[in-house]
Amino acid sequence: LADARSATILVHGRGDTAVPARLRGYGVTSREMEVLQLVAEGLSNGAIAERLVLSPRTVETHVANLVAKTKVAGRSGLTRLVKSGTAAD
């Protein structure tokens, strides 16, 4: 179990990627965090789906949820969020 003072902990979801505290505050799940990292790498929904063994539609839903939760402007906003270090503590 992660210590309550830890900057990143696992959050419910099907992924096992740690979610930084700032994104946890938005309600980002570990699976969404996996998708977010791959979006920031420039992968398409189809490529993310193959990598995570999901359907492209599921990835599309995760991306839409991330945009809504973080209130950024689309994939480019998500990429800036990760690359600026805002996603990490």
# chains A, B, ... in the order shown; residues from 1 in each chain; ligands from 1
>>> residues_around(residues="A:Glu32", least_positions_apart="4", cutoff="8 Å", atoms="only C-alpha atoms", output="list in words")
Gly15, Val28, Leu36, His62, Val63 and Leu66 of chain A
>>> residues_around(residues="A:Leu78", least_positions_apart="3", cutoff="9 Å", atoms="only C-alpha atoms", output="list of chain:residue names")
A:Leu36, A:Gln37, A:Val39, A:Ala40, A:Val63, A:Leu66, A:Val67, A:Thr70, A:Val72, A:Ala73, A:Gly74, A:Arg75, A:Leu81, A:Val82, A:Lys83
>>> atom_distance(atom1="atom CA of A:Gly25", atom2="atom CA of A:Arg51")
26.5 Å
>>> residues_around(residues="A:Ala47", least_positions_apart="5", cutoff="12 Å", atoms="only C-alpha atoms", output="list in words")
Val35, Leu38, Val39, Glu41, Gly42, Leu52, Val53, Leu54, Ser55, Pro56, Arg57, Val59 and Glu60 of chain A
>>> write_last_selection(atoms="all heavy atoms", output="short mmCIF file (atom, residue, chain, number, x, y, z; two decimals), in the first residue's frame")
data_model
loop_
_atom_site.label_atom_id
_atom_site.label_comp_id
_atom_site.auth_asym_id
_atom_site.auth_seq_id
_atom_site.Cartn_x
_atom_site.Cartn_y
_atom_site.Cartn_z
N VAL A 35 -3.20 5.88 -20.97
CA VAL A 35 -3.62 6.45 -22.25
C VAL A 35 -3.01 7.84 -22.41
O VAL A 35 -2.48 8.18 -23.47
CB VAL A 35 -5.16 6.50 -22.35
CG1 VAL A 35 -5.62 7.30 -23.56
CG2 VAL A 35 -5.74 5.07 -22.40
N LEU A 38 0.58 7.76 -23.52
CA LEU A 38 0.72 7.36 -24.92
C LEU A 38 0.25 8.45 -25.87
O LEU A 38 0.83 8.64 -26.95
CB LEU A 38 0.00 6.03 -25.17
CG LEU A 38 0.59 4.85 -24.38
CD1 LEU A 38 -0.27 3.61 -24.55
CD2 LEU A 38 2.03 4.58 -24.80
N VAL A 39 -0.78 9.19 -25.49
CA VAL A 39 -1.21 10.35 -26.28
C VAL A 39 -0.05 11.34 -26.36
O VAL A 39 0.27 11.86 -27.43
CB VAL A 39 -2.45 11.02 -25.66
CG1 VAL A 39 -2.69 12.41 -26.25
CG2 VAL A 39 -3.69 10.15 -25.85
N GLU A 41 3.02 10.75 -26.27
CA GLU A 41 4.07 10.21 -27.14
C GLU A 41 3.69 10.34 -28.62
O GLU A 41 4.48 10.01 -29.49
CB GLU A 41 4.33 8.73 -26.82
CG GLU A 41 5.02 8.52 -25.49
CD GLU A 41 5.25 7.05 -25.18
OE1 GLU A 41 5.26 6.22 -26.13
OE2 GLU A 41 5.41 6.72 -24.00
N GLY A 42 2.47 10.79 -28.88
CA GLY A 42 2.03 11.02 -30.25
C GLY A 42 1.34 9.83 -30.90
O GLY A 42 1.12 9.85 -32.12
N LEU A 52 -2.39 -1.28 -25.59
CA LEU A 52 -3.04 -1.59 -24.32
C LEU A 52 -4.08 -2.70 -24.42
O LEU A 52 -4.74 -3.03 -23.44
CB LEU A 52 -3.71 -0.33 -23.75
CG LEU A 52 -2.77 0.84 -23.43
CD1 LEU A 52 -3.56 2.03 -22.89
CD2 LEU A 52 -1.69 0.41 -22.44
N VAL A 53 -4.22 -3.28 -25.61
CA VAL A 53 -5.19 -4.34 -25.87
C VAL A 53 -6.61 -3.87 -25.50
O VAL A 53 -7.30 -4.47 -24.67
CB VAL A 53 -4.82 -5.66 -25.14
CG1 VAL A 53 -5.68 -6.81 -25.65
CG2 VAL A 53 -3.34 -5.99 -25.29
N LEU A 54 -6.98 -2.77 -26.13
CA LEU A 54 -8.30 -2.18 -25.97
C LEU A 54 -8.88 -1.94 -27.36
O LEU A 54 -8.16 -1.98 -28.34
CB LEU A 54 -8.20 -0.82 -25.25
CG LEU A 54 -7.63 -0.79 -23.84
CD1 LEU A 54 -7.40 0.65 -23.40
CD2 LEU A 54 -8.55 -1.51 -22.88
N SER A 55 -10.16 -1.64 -27.42
CA SER A 55 -10.73 -1.25 -28.71
C SER A 55 -10.42 0.23 -28.94
O SER A 55 -10.29 1.00 -27.98
CB SER A 55 -12.24 -1.48 -28.73
OG SER A 55 -12.90 -0.46 -28.00
N PRO A 56 -10.32 0.65 -30.21
CA PRO A 56 -10.10 2.08 -30.48
C PRO A 56 -11.20 2.96 -29.88
O PRO A 56 -10.94 4.07 -29.43
CB PRO A 56 -10.10 2.15 -32.01
CG PRO A 56 -9.65 0.79 -32.43
CD PRO A 56 -10.25 -0.15 -31.43
N ARG A 57 -12.41 2.45 -29.85
CA ARG A 57 -13.53 3.22 -29.27
C ARG A 57 -13.31 3.43 -27.77
O ARG A 57 -13.61 4.51 -27.23
CB ARG A 57 -14.85 2.48 -29.52
CG ARG A 57 -16.04 3.16 -28.91
CD ARG A 57 -16.37 4.46 -29.63
NE ARG A 57 -17.57 5.02 -29.03
CZ ARG A 57 -17.66 6.26 -28.57
NH1 ARG A 57 -16.64 7.08 -28.64
NH2 ARG A 57 -18.77 6.68 -28.05
N VAL A 59 -10.41 3.63 -26.27
CA VAL A 59 -9.35 4.65 -26.17
C VAL A 59 -9.95 6.03 -26.42
O VAL A 59 -9.66 6.98 -25.70
CB VAL A 59 -8.20 4.35 -27.14
CG1 VAL A 59 -7.19 5.50 -27.14
CG2 VAL A 59 -7.53 3.04 -26.79
N GLU A 60 -10.81 6.13 -27.43
CA GLU A 60 -11.47 7.40 -27.74
C GLU A 60 -12.24 7.92 -26.52
O GLU A 60 -12.19 9.11 -26.20
CB GLU A 60 -12.41 7.20 -28.92
CG GLU A 60 -13.10 8.45 -29.41
CD GLU A 60 -14.00 8.16 -30.60
OE1 GLU A 60 -13.61 7.38 -31.49
OE2 GLU A 60 -15.12 8.73 -30.63
#
>>> atom_distance(atom1="atom CA of A:Pro20", atom2="atom CA of A:Gly85")
10.4 Å
>>> select_by_dssp(residues="stretch 4-88 of chain A", states="strand (DSSP E or B)", output="list in words")
Thr8, Ile9, Val19 and Pro20 of chain A
>>> write_last_selection(atoms="all heavy atoms", output="PDB file, in the first residue's frame")
ATOM      1  N   THR A   8       2.443   9.979  -5.607  1.00  0.00           N
ATOM      2  CA  THR A   8       1.704   9.209  -6.600  1.00  0.00           C
ATOM      3  C   THR A   8       1.313   7.870  -5.997  1.00  0.00           C
ATOM      4  O   THR A   8       2.092   7.239  -5.302  1.00  0.00           O
ATOM      5  CB  THR A   8       2.531   8.957  -7.873  1.00  0.00           C
ATOM      6  OG1 THR A   8       3.745   8.312  -7.521  1.00  0.00           O
ATOM      7  CG2 THR A   8       2.825  10.243  -8.606  1.00  0.00           C
ATOM      8  N   ILE A   9       0.096   7.496  -6.249  1.00  0.00           N
ATOM      9  CA  ILE A   9      -0.402   6.207  -5.789  1.00  0.00           C
ATOM     10  C   ILE A   9      -1.234   5.594  -6.901  1.00  0.00           C
ATOM     11  O   ILE A   9      -1.589   6.262  -7.858  1.00  0.00           O
ATOM     12  CB  ILE A   9      -1.250   6.323  -4.500  1.00  0.00           C
ATOM     13  CG1 ILE A   9      -2.486   7.188  -4.743  1.00  0.00           C
ATOM     14  CG2 ILE A   9      -0.433   6.817  -3.342  1.00  0.00           C
ATOM     15  CD1 ILE A   9      -3.469   7.187  -3.609  1.00  0.00           C
ATOM     16  N   VAL A  19      -0.737   7.432 -10.639  1.00  0.00           N
ATOM     17  CA  VAL A  19      -1.317   8.697 -11.081  1.00  0.00           C
ATOM     18  C   VAL A  19      -0.806   9.806 -10.162  1.00  0.00           C
ATOM     19  O   VAL A  19      -0.986   9.725  -8.946  1.00  0.00           O
ATOM     20  CB  VAL A  19      -2.867   8.643 -11.030  1.00  0.00           C
ATOM     21  CG1 VAL A  19      -3.469   9.968 -11.469  1.00  0.00           C
ATOM     22  CG2 VAL A  19      -3.385   7.501 -11.888  1.00  0.00           C
ATOM     23  N   PRO A  20      -0.170  10.840 -10.717  1.00  0.00           N
ATOM     24  CA  PRO A  20       0.300  11.953  -9.888  1.00  0.00           C
ATOM     25  C   PRO A  20      -0.853  12.606  -9.124  1.00  0.00           C
ATOM     26  O   PRO A  20      -1.998  12.631  -9.605  1.00  0.00           O
ATOM     27  CB  PRO A  20       0.901  12.931 -10.901  1.00  0.00           C
ATOM     28  CG  PRO A  20       1.239  12.085 -12.085  1.00  0.00           C
ATOM     29  CD  PRO A  20       0.174  11.022 -12.123  1.00  0.00           C
TER      30      PRO A  20
END
>>> residues_around(residues="A:Tyr26", least_positions_apart="4", cutoff="10 Å", atoms="only C-alpha atoms", output="ChimeraX atom specification")
/A:21-22,66,68-71
>>> write_last_selection(atoms="N, CA and C atoms", output="CSV table (one decimal), in the first residue's frame")
chain,number,residue,atom,x,y,z
A,21,ALA,N,-0.5,13.2,-8.0
A,21,ALA,CA,-1.6,13.7,-7.1
A,21,ALA,C,-2.4,14.8,-7.8
A,22,ARG,N,-1.8,15.6,-8.6
A,22,ARG,CA,-2.6,16.7,-9.3
A,22,ARG,C,-3.6,16.1,-10.2
A,66,LEU,N,-10.4,12.3,-20.4
A,66,LEU,CA,-9.3,13.0,-19.9
A,66,LEU,C,-9.4,14.5,-20.3
A,68,ALA,N,-12.2,16.2,-20.7
A,68,ALA,CA,-13.3,16.7,-19.8
A,68,ALA,C,-12.8,16.9,-18.4
A,69,LYS,N,-12.0,15.9,-17.9
A,69,LYS,CA,-11.6,16.0,-16.5
A,69,LYS,C,-10.5,17.1,-16.3
A,70,THR,N,-9.6,17.2,-17.2
A,70,THR,CA,-8.5,18.2,-17.1
A,70,THR,C,-8.8,19.6,-17.6
A,71,LYS,N,-9.9,19.6,-18.4
A,71,LYS,CA,-10.4,20.9,-19.0
A,71,LYS,C,-9.3,21.5,-19.9
